[in-house]
Amino acid sequence: MGTAAWVCFDCRSAVRRHTQYVGDVPCQNCGRLCVYLGYRIPVPPRRKRREWSALRAWLAQRQFDRDVQTHVDRIRESTALRNEIDRLEARVPNASRSQLVRRLRYRLERLGG
């Protein structure tokens, strides 16, 4: 088992915990919650403000990209569900098909579509 880094961007400090650690990690200096960085991303020295700013911007961009991908995946899934519902409803109705359509509609509703 290795150790991973949690960083506080306000204090520019890092805290290390086991990679299996679950829970919030407070900053030792200011008490705010630290951001999980992982074990592969190097932590810049405290005196290098530009590197800390670049790291913060990179993490924000990575989170934004993840959020966009999640949104795109959700749209794709809801479109696929709608298409499947339309395809099933175009066929001759029967009990099992109606049950499947209800389940697909429930999944679509849970997605917010």
# chains A, B, ... in the order shown; residues from 1 in each chain; ligands from 1

call {"tool": "residues_around", "arguments": {"residues": "Leu59 (chain A)", "least_positions_apart": "4", "cutoff": "12 Å", "atoms": "only C-alpha atoms", "output": "PyMOL selection string"}}
result
chain A and resi 7+9+35-38+41+52-55+63-66

call {"tool": "atom_distance", "arguments": {"atom1": "CA of Pro45 (chain A)", "atom2": "CA of Asp24 (chain A)"}}
result
22.9 Å

call {"tool": "residues_around", "arguments": {"residues": "Arg16 (chain A)", "least_positions_apart": "6", "cutoff": "8 Å", "atoms": "only C-alpha atoms", "output": "ChimeraX atom specification"}}
result
/A:3-6

call {"tool": "write_last_selection", "arguments": {"atoms": "C-alpha atoms", "output": "compact mmCIF listing (two decimals), in the first residue's frame"}}
result
# COMPACT_ATOMS: atom_id res chain seq x y z
CA THR A 3 0.55 6.93 0.21
CA ALA A 4 -1.39 9.61 -1.58
CA ALA A 5 -1.30 13.37 -1.22
CA TRP A 6 -4.05 15.74 -0.15

call {"tool": "select_by_dssp", "arguments": {"residues": "region 31-89 of chain A", "states": "strand (DSSP E or B)", "output": "list in words"}}
result
Leu33, Val35, Tyr36, Leu37 and Gly38 of chain A

call {"tool": "closest_residue", "arguments": {"among": "A:Cys11, A:Val101, A:Ala80, A:Leu111", "to": "Arg32 (chain A)", "atoms": "only C-alpha atoms"}}
result
A:Cys11

call {"tool": "residues_around", "arguments": {"residues": "Val25 (chain A)", "least_positions_apart": "2", "cutoff": "8 Å", "atoms": "only C-alpha atoms", "output": "MDAnalysis selection string"}}
result
chainID A and resid 6 15 23 27 33:34

call {"tool": "write_last_selection", "arguments": {"atoms": "C-alpha atoms", "output": "PDB file, in the first residue's frame"}}
result
ATOM      1  CA  TRP A   6      -4.053  15.742  -0.149  1.00  0.00           C
ATOM      2  CA  VAL A  15      -0.750  15.882   3.829  1.00  0.00           C
ATOM      3  CA  GLY A  23     -12.618  10.417   4.793  1.00  0.00           C
ATOM      4  CA  CYS A  27      -5.163  21.005   6.598  1.00  0.00           C
ATOM      5  CA  LEU A  33     -10.436  20.476   3.945  1.00  0.00           C
ATOM      6  CA  CYS A  34      -7.660  19.368   1.639  1.00  0.00           C
TER       7      CYS A  34
END

call {"tool": "select_by_dssp", "arguments": {"residues": "chain A", "states": "helix (DSSP H, G or I)", "output": "ChimeraX atom specification"}}
result
/A:49-90,95-111

call {"tool": "residues_around", "arguments": {"residues": "Arg102 (chain A)", "least_positions_apart": "6", "cutoff": "10 Å", "atoms": "only C-alpha atoms", "output": "NGL selection string"}}
result
:A and (85 or 96 or 108)
